[in-house]
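S.K.: Contents are compact mmCIF, C-alpha atoms; file name input_26.txt:
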# COMPACT_ATOMS: atom_id res chain seq x y z
CA MET A 847 -0.99 -9.16 -20.18
CA GLU A 848 1.05 -9.95 -17.15
CA ARG A 849 1.23 -7.19 -14.58
CA LYS A 850 4.73 -5.83 -14.29
CA THR A 851 4.32 -4.44 -10.79
CA LYS A 852 3.37 -6.89 -8.08
CA VAL A 853 2.43 -6.21 -4.48
CA HIS A 854 2.75 -8.83 -1.80
CA ALA A 855 1.27 -7.89 1.57
CA GLU A 856 0.60 -10.85 3.78
CA ASP A 857 -2.27 -10.57 6.22
CA GLY A 858 -1.21 -9.62 9.75
CA LYS A 859 2.38 -8.69 8.84
CA GLN A 860 4.02 -5.28 9.13
CA GLU A 861 5.74 -5.34 5.76
CA ILE A 862 5.02 -4.88 2.06
CA PHE A 863 6.98 -6.27 -0.88
CA ILE A 864 6.72 -4.51 -4.23
CA THR A 865 8.45 -6.07 -7.23
CA ARG A 866 8.80 -4.71 -10.72
CA GLU A 867 10.61 -5.87 -13.84
CA PHE A 868 12.06 -3.15 -16.05
CA GLU A 869 13.15 -3.04 -19.67
CA LEU A 870 16.28 -1.22 -18.52
CA PRO A 871 19.82 -2.33 -17.74
CA VAL A 872 20.36 -2.49 -13.97
CA ASP A 873 22.80 0.45 -13.92
CA LEU A 874 20.17 2.74 -15.44
CA LEU A 875 17.54 1.51 -13.02
CA PHE A 876 19.92 2.27 -10.17
CA ARG A 877 20.73 5.68 -11.63
CA ALA A 878 17.01 6.58 -11.53
CA TYR A 879 17.33 6.24 -7.75
CA SER A 880 20.78 7.74 -7.22
CA ASP A 881 20.75 10.79 -9.52
CA PRO A 882 18.71 13.61 -7.95
CA GLU A 883 17.78 15.22 -11.28
CA LEU A 884 16.50 11.97 -12.75
CA PHE A 885 14.72 11.11 -9.49
CA GLN A 886 13.02 14.52 -9.63
CA GLU A 887 11.92 13.91 -13.21
CA TRP A 888 10.27 10.52 -12.75
CA MET A 889 8.74 11.41 -9.39
CA SER A 890 6.90 14.38 -10.95
CA HIS A 891 3.36 13.92 -12.23
CA GLU A 892 0.47 15.98 -13.59
CA TYR A 893 -0.64 16.98 -10.09
CA GLY A 894 2.69 18.22 -8.90
CA GLN A 895 6.35 18.77 -9.61
CA CYS A 896 8.91 16.92 -7.51
CA LYS A 897 11.54 19.24 -6.04
CA VAL A 898 14.60 17.73 -4.42
CA VAL A 899 15.76 19.79 -1.42
CA LYS A 900 18.53 17.39 -0.43
CA TYR A 901 19.60 14.12 -2.02
CA GLU A 902 22.90 12.71 -0.74
CA SER A 903 22.83 9.21 -2.21
CA ARG A 904 25.70 7.74 -0.22
CA ASN A 905 26.06 5.88 3.09
CA HIS A 906 24.65 8.05 5.93
CA GLY A 907 23.49 10.76 3.51
CA GLY A 908 20.17 12.56 3.98
CA TRP A 909 17.33 13.14 1.56
CA HIS A 910 14.33 15.45 1.42
CA PHE A 911 11.93 16.17 -1.40
CA GLN A 912 8.73 18.15 -1.93
CA THR A 913 5.83 17.89 -4.35
CA VAL A 914 4.87 21.38 -5.48
CA SER A 915 1.67 22.40 -7.28
CA ARG A 916 1.60 24.64 -10.38
CA GLU A 917 0.74 27.54 -8.07
CA GLY A 918 3.93 26.82 -6.09
CA LYS A 919 2.16 25.38 -3.06
CA VAL A 920 3.92 22.50 -1.28
CA LEU A 921 1.50 19.57 -1.46
CA PHE A 922 3.64 16.84 0.04
CA GLN A 923 7.03 16.45 1.69
CA ALA A 924 9.06 13.44 2.72
CA HIS A 925 12.55 12.92 4.12
CA GLY A 926 14.86 10.26 5.45
CA VAL A 927 18.39 8.90 5.57
CA PHE A 928 20.30 6.64 3.22
CA HIS A 929 21.77 3.96 5.47
CA ALA A 930 23.56 2.10 2.70
CA VAL A 931 24.01 2.81 -0.99
CA ILE A 932 25.74 0.01 -2.93
CA PRO A 933 25.87 1.05 -6.61
CA GLY A 934 23.89 -1.20 -8.91
CA ARG A 935 22.83 -3.47 -6.08
CA ARG A 936 21.22 -2.09 -3.02
CA ILE A 937 19.82 0.95 -1.19
CA VAL A 938 18.71 0.88 2.45
CA ARG A 939 16.88 4.01 3.53
CA THR A 940 14.30 5.37 5.91
CA PHE A 941 11.21 7.19 4.67
CA GLU A 942 9.08 9.60 6.64
CA MET A 943 6.30 11.89 5.47
CA ASN A 944 6.44 15.40 6.91
CA ASP A 945 3.40 16.65 8.85
CA SER A 946 1.95 13.17 9.13
CA SER A 947 0.95 10.79 11.89
CA PHE A 948 2.75 7.96 10.09
CA ALA A 949 5.92 6.71 11.80
CA PRO A 950 9.05 6.42 9.62
CA GLN A 951 9.38 3.22 7.61
CA LEU A 952 12.48 1.25 6.70
CA GLU A 953 12.99 0.43 3.02
CA PHE A 954 15.28 -2.12 1.38
CA LEU A 955 15.68 -1.67 -2.36
CA GLU A 956 17.32 -4.58 -4.16
CA PHE A 957 18.42 -4.06 -7.77
CA GLU A 958 18.89 -7.22 -9.83
CA ASN A 959 20.38 -7.77 -13.26
CA THR A 960 18.06 -10.13 -15.18
CA GLY A 961 19.57 -9.71 -18.67
CA ASP A 962 21.47 -7.27 -20.91
CA ASP A 963 18.61 -4.82 -21.01
CA THR A 964 16.35 -6.03 -18.23
CA SER A 965 16.39 -5.66 -14.48
CA LYS A 966 14.25 -6.19 -11.44
CA LEU A 967 13.59 -4.04 -8.41
CA THR A 968 12.35 -5.39 -5.10
CA LEU A 969 11.16 -2.75 -2.67
CA HIS A 970 10.72 -4.17 0.81
CA MET A 971 9.00 -1.78 3.26
CA VAL A 972 8.92 -2.43 7.00
CA PHE A 973 6.47 -0.53 9.23
CA GLN A 974 6.24 0.12 12.96
CA SER A 975 3.05 -1.92 13.31
CA VAL A 976 0.60 -4.06 11.36
CA GLY A 977 -1.99 -1.29 11.75
CA MET A 978 0.32 1.27 10.21
CA ARG A 979 1.15 -1.08 7.33
CA ASP A 980 -2.56 -1.48 6.63
CA GLU A 981 -3.09 2.29 6.75
CA MET A 982 -0.31 2.76 4.20
CA LEU A 983 -1.84 0.12 1.91
CA LYS A 984 -5.19 1.89 2.14
CA LEU A 985 -3.76 5.34 1.39
CA PRO A 986 -4.06 5.28 -2.44
CA PHE A 987 -7.51 3.70 -2.02
CA VAL A 988 -8.59 6.55 0.27
CA GLN A 989 -6.93 9.17 -1.95
CA GLY A 990 -8.74 7.70 -4.94
CA LEU A 991 -12.03 8.10 -3.10
CA ASN A 992 -11.15 11.68 -2.14
CA MET A 993 -10.17 12.53 -5.72
CA ALA A 994 -13.42 11.05 -7.01
CA TYR A 995 -15.22 13.13 -4.39
CA ASP A 996 -13.33 16.31 -5.40
CA ARG A 997 -14.21 15.72 -9.05
CA LEU A 998 -17.83 15.27 -8.05
CA GLN A 999 -17.66 18.51 -6.03
CA SER A 1000 -16.24 20.46 -8.97
CA ILE A 1001 -18.90 19.06 -11.34
CA VAL A 1002 -21.63 19.87 -8.84
CA SER A 1003 -20.30 23.41 -8.25
CA LYS A 1004 -20.32 24.04 -12.03
CA LEU A 1005 -23.97 23.04 -12.13
CA LYS A 1006 -24.92 25.69 -9.58
CA MET B 490 -22.91 5.53 20.93
CA GLU B 491 -21.84 2.78 18.55
CA LEU B 492 -18.75 3.56 16.51
CA ARG B 493 -19.10 3.34 12.77
CA ARG B 494 -17.48 0.08 11.72
CA ASP B 495 -15.74 -0.74 8.49
CA VAL B 496 -14.32 -3.93 7.04
CA PHE B 497 -10.74 -2.81 7.66
CA GLN B 498 -11.39 -2.37 11.34
CA ALA B 499 -13.00 -5.82 11.33
CA ILE B 500 -9.98 -7.57 9.84
CA ALA B 501 -7.47 -5.67 12.00
CA ASP B 502 -8.08 -8.15 14.83
CA PRO B 503 -6.36 -11.59 14.68
CA THR B 504 -9.28 -13.44 16.34
CA ARG B 505 -11.69 -12.00 13.80
CA ARG B 506 -9.37 -13.00 10.96
CA ALA B 507 -9.32 -16.53 12.42
CA ILE B 508 -13.13 -16.57 12.54
CA ILE B 509 -13.26 -15.50 8.87
CA THR B 510 -10.89 -18.36 7.97
CA LEU B 511 -13.05 -20.89 9.84
CA VAL B 512 -16.34 -19.73 8.34
CA ALA B 513 -14.78 -19.53 4.86
CA ALA B 514 -14.46 -23.35 4.93
CA HIS B 515 -18.13 -23.88 5.77
CA ALA B 516 -21.07 -22.18 7.50
CA MET B 517 -20.95 -22.57 11.29
CA THR B 518 -23.08 -21.97 14.36
CA PRO B 519 -21.77 -19.50 16.98
CA SER B 520 -21.05 -22.33 19.44
CA ALA B 521 -19.11 -24.30 16.81
CA ILE B 522 -17.04 -21.19 16.10
CA ALA B 523 -16.45 -20.54 19.83
CA ALA B 524 -15.29 -24.15 20.34
CA ASN B 525 -12.16 -23.31 18.32
CA PHE B 526 -11.00 -20.60 20.73
CA ASP B 527 -9.86 -20.40 24.33
CA SER B 528 -11.68 -17.09 24.78
CA SER B 529 -15.07 -16.96 26.47
CA ARG B 530 -18.23 -17.55 24.46
CA GLN B 531 -19.22 -13.89 25.07
CA THR B 532 -15.93 -12.62 23.64
CA ILE B 533 -16.35 -14.71 20.50
CA SER B 534 -20.00 -13.62 20.21
CA ARG B 535 -18.83 -10.00 20.31
CA HIS B 536 -16.32 -10.67 17.50
CA ILE B 537 -19.03 -12.41 15.43
CA GLN B 538 -21.34 -9.47 16.02
CA ILE B 539 -18.71 -7.01 14.75
CA LEU B 540 -18.10 -9.15 11.64
CA ALA B 541 -21.85 -9.32 11.03
CA GLU B 542 -22.20 -5.53 11.47
CA CYS B 543 -19.57 -5.06 8.75
CA GLU B 544 -21.47 -7.54 6.59
CA LEU B 545 -18.46 -9.85 6.37
CA LEU B 546 -20.65 -12.57 7.89
CA THR B 547 -24.31 -13.15 7.15
CA GLN B 548 -26.60 -15.28 9.25
CA LYS B 549 -29.10 -17.86 8.12
CA GLN B 550 -31.62 -19.66 10.32
CA THR B 551 -31.72 -23.43 9.77
CA GLY B 552 -34.26 -25.05 12.08
CA ARG B 553 -33.45 -23.85 15.59
CA GLU B 554 -29.82 -23.05 14.77
CA ILE B 555 -28.29 -19.88 13.39
CA TYR B 556 -25.48 -20.46 10.89
CA TYR B 557 -22.93 -17.84 9.90
CA HIS B 558 -21.79 -17.66 6.28
CA LEU B 559 -18.98 -15.66 4.73
CA ASN B 560 -20.13 -12.81 2.49
CA PRO B 561 -17.86 -13.12 -0.59
CA GLY B 562 -18.87 -9.68 -1.92
CA LYS B 563 -17.48 -7.97 1.16
CA MET B 564 -14.28 -10.03 1.05
CA LYS B 565 -13.76 -8.82 -2.49
CA GLU B 566 -13.97 -5.25 -1.19
CA ILE B 567 -10.92 -6.00 0.99
CA ALA B 568 -9.00 -7.61 -1.90
CA ASP B 569 -9.82 -4.59 -4.09
CA PHE B 570 -8.24 -2.03 -1.80
CA ILE B 571 -4.75 -3.37 -2.60
CA GLU B 572 -5.34 -2.72 -6.30
CA PRO B 573 -5.21 1.11 -6.02
CA PHE B 574 -1.93 0.73 -4.10
CA ARG B 575 -0.50 -1.55 -6.83
CA LYS B 576 -1.75 0.84 -9.52
CA PHE B 577 -0.10 3.79 -7.73
CA TRP B 578 3.29 2.02 -7.83
CA ASP B 579 2.75 0.69 -11.35
CA ASP B 580 2.14 4.25 -12.63
CA ARG B 581 5.21 5.50 -10.77
CA PHE B 582 7.45 2.73 -12.18
CA ASN B 583 6.04 3.21 -15.70
CA LYS B 584 7.14 6.83 -15.42
CA LEU B 585 10.59 5.78 -14.19
CA GLU B 586 10.97 3.39 -17.13
CA ALA B 587 9.87 6.04 -19.66
CA VAL B 588 12.21 8.71 -18.21
CA MET B 589 15.19 6.32 -18.17
CA LYS B 590 14.55 5.05 -21.73
CA LYS B 591 14.56 8.65 -22.93
CA TYR B 592 17.75 9.32 -20.94
CA LYS B 593 19.39 6.20 -22.41
CA SER B 594 18.63 7.22 -26.02
CA LYS B 595 20.03 10.71 -25.40
CA ARG B 596 23.39 9.41 -24.17
Spell out the structure here as structure tokens.
M.R.:
Amino acid sequence: MERKTKVHAEDGKQEIFITREFELPVDLLFRAYSDPELFQEWMSHEYGQCKVVKYESRNHGGWHFQTVSREGKVLFQAHGVFHAVIPGRRIVRTFEMNDSSFAPQLEFLEFENTGDDTSKLTLHMVFQSVGMRDEMLKLPFVQGLNMAYDRLQSIVSKLK
Amino acid sequence: MELRRDVFQAIADPTRRAIITLVAAHAMTPSAIAANFDSSRQTISRHIQILAECELLTQKQTGREIYYHLNPGKMKEIADFIEPFRKFWDDRFNKLEAVMKKYKSKR
């Protein structure tokens, strides 16, 4: 099966391209990014609930969301500014993680109509440096290792 | 004290990436590698040493010469670290698609 989500990260460059084809009309794909309630819903996962603090999806609007654990602890926070919001076509925004050493990144989201019920999203991320880009690419890899380690810890502690 | 080295640190440097590209084509001696760069022989030797410490390059003695080979297993380790990143986004977009399909059918 062909992979729907593709990542293109050229060696030595400070950018990442992520492309994805959706079985959704382009207006619905765009709505997933412009409607705070829908954004909150799809950004939530089993480890944490996404809570939108601010989501002004218009030119020069701000955004801020949190990921909250079942116990109500804030696990992750990110914020930024919408520089341009062109319905059904384009979003330009900045993204910065709170309490992190990562510098803000610039993101270009291009929404394309590829058929009556299909669309394509291109997410182009630009980082301050090549090093920072590489760190960001490694993040899920490192988190995966940490999660595997945590699972191991919990298994080991049960054995005690 | 020697810092712990990893493959990511090794490929962060453009000269070292160039060395990897050269050796990927065929095994080379340190002097043959150095001949491709303007930097001093010592500088290139240092880069080769770092790549060897990270096991990206392996050395093999042929007669009086030492040849450096690329270690394909270690290169795969680098290619593999993008996969968790892709998977992370694939999961996120699968969720988006599922949420929006549900939303569409409710309208």
S.K.: Choose the residue, out of A:Gln923, A:Ser915, A:Thr940, A:Asn905, that has the smallest atom-to-atom separation from His970 of chain A; count all atoms listed in the file.
M.R.: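 Ranked by minimum distance to His970 of chain A, first place goes to A:Thr940.
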S.K.: Compute the set of chain A residues within 10 Å of chain B, using only C-alpha atoms, and express it as a PyMOL selection string.
M.R.: chain A and resi 849-855+857-858+864-871+874-875+877-879+884-885+887-891+967+976-977+980-990
S.K.: Counting only C-alpha atoms, what is within 9 Å of Tyr901 of chain A, bar same-chain residues fewer than 6 positions away, as a list in words?
M.R.: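 Using only C-alpha atoms, the neighbours found are Ser880, Asp881, Pro882, Gly907, Gly908, Trp909, His910 and Phe911 of chain A.
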S.K.: Ranking A:Pro933, A:Thr968, A:Ser946, A:Arg939 by minimum distance to Phe876 of chain A and counting all atoms listed in the file, which one comes first?
M.R.: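 Comparing A:Pro933, A:Thr968, A:Ser946, A:Arg939 against Phe876 of chain A, the winner is A:Pro933.
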S.K.: In terms of the shortest atom-to-atom distance over all atoms listed in the file, which of B:Tyr557, B:Leu540, B:Lys591, B:Gly562 is closest to Ala499 of chain B?
M.R.: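 When distances to Ala499 of chain B are compared using all atoms listed in the file, the smallest one comes from B:Leu540.
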S.K.: Using only C-alpha atoms, which residues sit within 7 Å of Cys543 of chain B once same-chain residues fewer than 3 positions away are excluded, as a list in words?
M.R.: Arg494, Asp495, Val496, Ile539 and Leu540 of chain B
S.K.: Neighbouring residues of segment 551-554 of chain B were defined as those with any atom within 9 Å, considering only C-alpha atoms; residues of the same chain fewer than 2 positions away were excluded. Please report them as an NGL selection string.
M.R.: :B and (518 or 549 or 556)
S.K.: Please indicate the distance in Å from atom CA of Val898 of chain A to atom CA of Ile937 of chain A, rounded to one decimal place.
M.R.: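 About the pair atom CA of Val898 of chain A and atom CA of Ile937 of chain A: they are 17.9 Å apart.
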S.K.: Limit the output to N, CA and C atoms and give segment 884-915 of chain A as a compact mmCIF listing (two decimals), in the first residue's frame.
M.R.:
# COMPACT_ATOMS: atom_id res chain seq x y z
N LEU A 884 -12.96 21.61 16.03
CA LEU A 884 -12.53 20.46 15.23
C LEU A 884 -11.03 20.22 15.40
N PHE A 885 -10.26 21.32 15.43
CA PHE A 885 -8.81 21.22 15.62
C PHE A 885 -8.51 20.49 16.93
N GLN A 886 -9.25 20.91 17.98
CA GLN A 886 -9.11 20.31 19.31
C GLN A 886 -9.39 18.82 19.27
N GLU A 887 -10.40 18.45 18.50
CA GLU A 887 -10.81 17.04 18.44
C GLU A 887 -9.75 16.15 17.77
N TRP A 888 -9.26 16.59 16.62
CA TRP A 888 -8.31 15.71 15.92
C TRP A 888 -6.89 15.79 16.49
N MET A 889 -6.60 16.83 17.25
CA MET A 889 -5.29 16.94 17.87
C MET A 889 -5.21 16.20 19.21
N SER A 890 -6.35 15.68 19.68
CA SER A 890 -6.36 14.92 20.93
C SER A 890 -5.99 13.47 20.64
N HIS A 891 -5.35 12.83 21.60
CA HIS A 891 -5.01 11.42 21.43
C HIS A 891 -5.11 10.71 22.78
N GLU A 892 -4.81 9.42 22.80
CA GLU A 892 -5.00 8.65 24.04
C GLU A 892 -4.14 9.14 25.20
N TYR A 893 -3.05 9.84 24.89
CA TYR A 893 -2.16 10.29 25.98
C TYR A 893 -2.57 11.65 26.53
N GLY A 894 -3.37 12.37 25.76
CA GLY A 894 -3.73 13.70 26.25
C GLY A 894 -4.79 14.38 25.40
N GLN A 895 -5.54 15.22 26.08
CA GLN A 895 -6.61 15.97 25.43
C GLN A 895 -6.07 17.32 24.98
N CYS A 896 -6.40 17.70 23.75
CA CYS A 896 -5.98 19.02 23.27
C CYS A 896 -6.98 20.06 23.76
N LYS A 897 -6.44 21.12 24.36
CA LYS A 897 -7.30 22.22 24.83
C LYS A 897 -6.85 23.52 24.18
N VAL A 898 -7.75 24.09 23.38
CA VAL A 898 -7.42 25.36 22.73
C VAL A 898 -7.63 26.51 23.72
N VAL A 899 -6.60 27.31 23.91
CA VAL A 899 -6.68 28.47 24.81
C VAL A 899 -7.08 29.68 23.97
N LYS A 900 -6.48 29.75 22.78
CA LYS A 900 -6.77 30.86 21.86
C LYS A 900 -6.59 30.34 20.44
N TYR A 901 -7.51 30.65 19.56
CA TYR A 901 -7.39 30.17 18.19
C TYR A 901 -8.08 31.15 17.25
N GLU A 902 -7.37 32.21 16.88
CA GLU A 902 -7.94 33.27 16.04
C GLU A 902 -7.48 33.04 14.59
N SER A 903 -8.19 32.14 13.89
CA SER A 903 -7.72 31.79 12.54
C SER A 903 -8.10 32.86 11.51
N ARG A 904 -7.35 33.94 11.56
CA ARG A 904 -7.48 35.04 10.61
C ARG A 904 -6.11 35.72 10.53
N ASN A 905 -5.93 36.59 9.52
CA ASN A 905 -4.65 37.28 9.38
C ASN A 905 -4.29 37.99 10.69
N HIS A 906 -3.08 37.79 11.15
CA HIS A 906 -2.53 38.42 12.37
C HIS A 906 -3.18 37.94 13.66
N GLY A 907 -3.93 36.85 13.61
CA GLY A 907 -4.54 36.29 14.82
C GLY A 907 -3.52 35.43 15.57
N GLY A 908 -3.77 35.22 16.86
CA GLY A 908 -2.86 34.40 17.66
C GLY A 908 -3.46 33.03 17.92
N TRP A 909 -2.61 32.09 18.28
CA TRP A 909 -3.11 30.77 18.68
C TRP A 909 -2.28 30.22 19.82
N HIS A 910 -2.91 29.38 20.63
CA HIS A 910 -2.24 28.77 21.78
C HIS A 910 -3.06 27.54 22.18
N PHE A 911 -2.40 26.40 22.22
CA PHE A 911 -3.11 25.22 22.71
C PHE A 911 -2.26 24.44 23.71
N GLN A 912 -2.94 23.60 24.48
CA GLN A 912 -2.28 22.77 25.49
C GLN A 912 -2.68 21.32 25.28
N THR A 913 -1.82 20.40 25.70
CA THR A 913 -2.20 18.99 25.75
C THR A 913 -2.27 18.66 27.24
N VAL A 914 -3.44 18.19 27.66
CA VAL A 914 -3.68 17.98 29.09
C VAL A 914 -3.91 16.49 29.36
N SER A 915 -3.28 15.97 30.40
CA SER A 915 -3.43 14.55 30.76
C SER A 915 -4.78 14.32 31.43
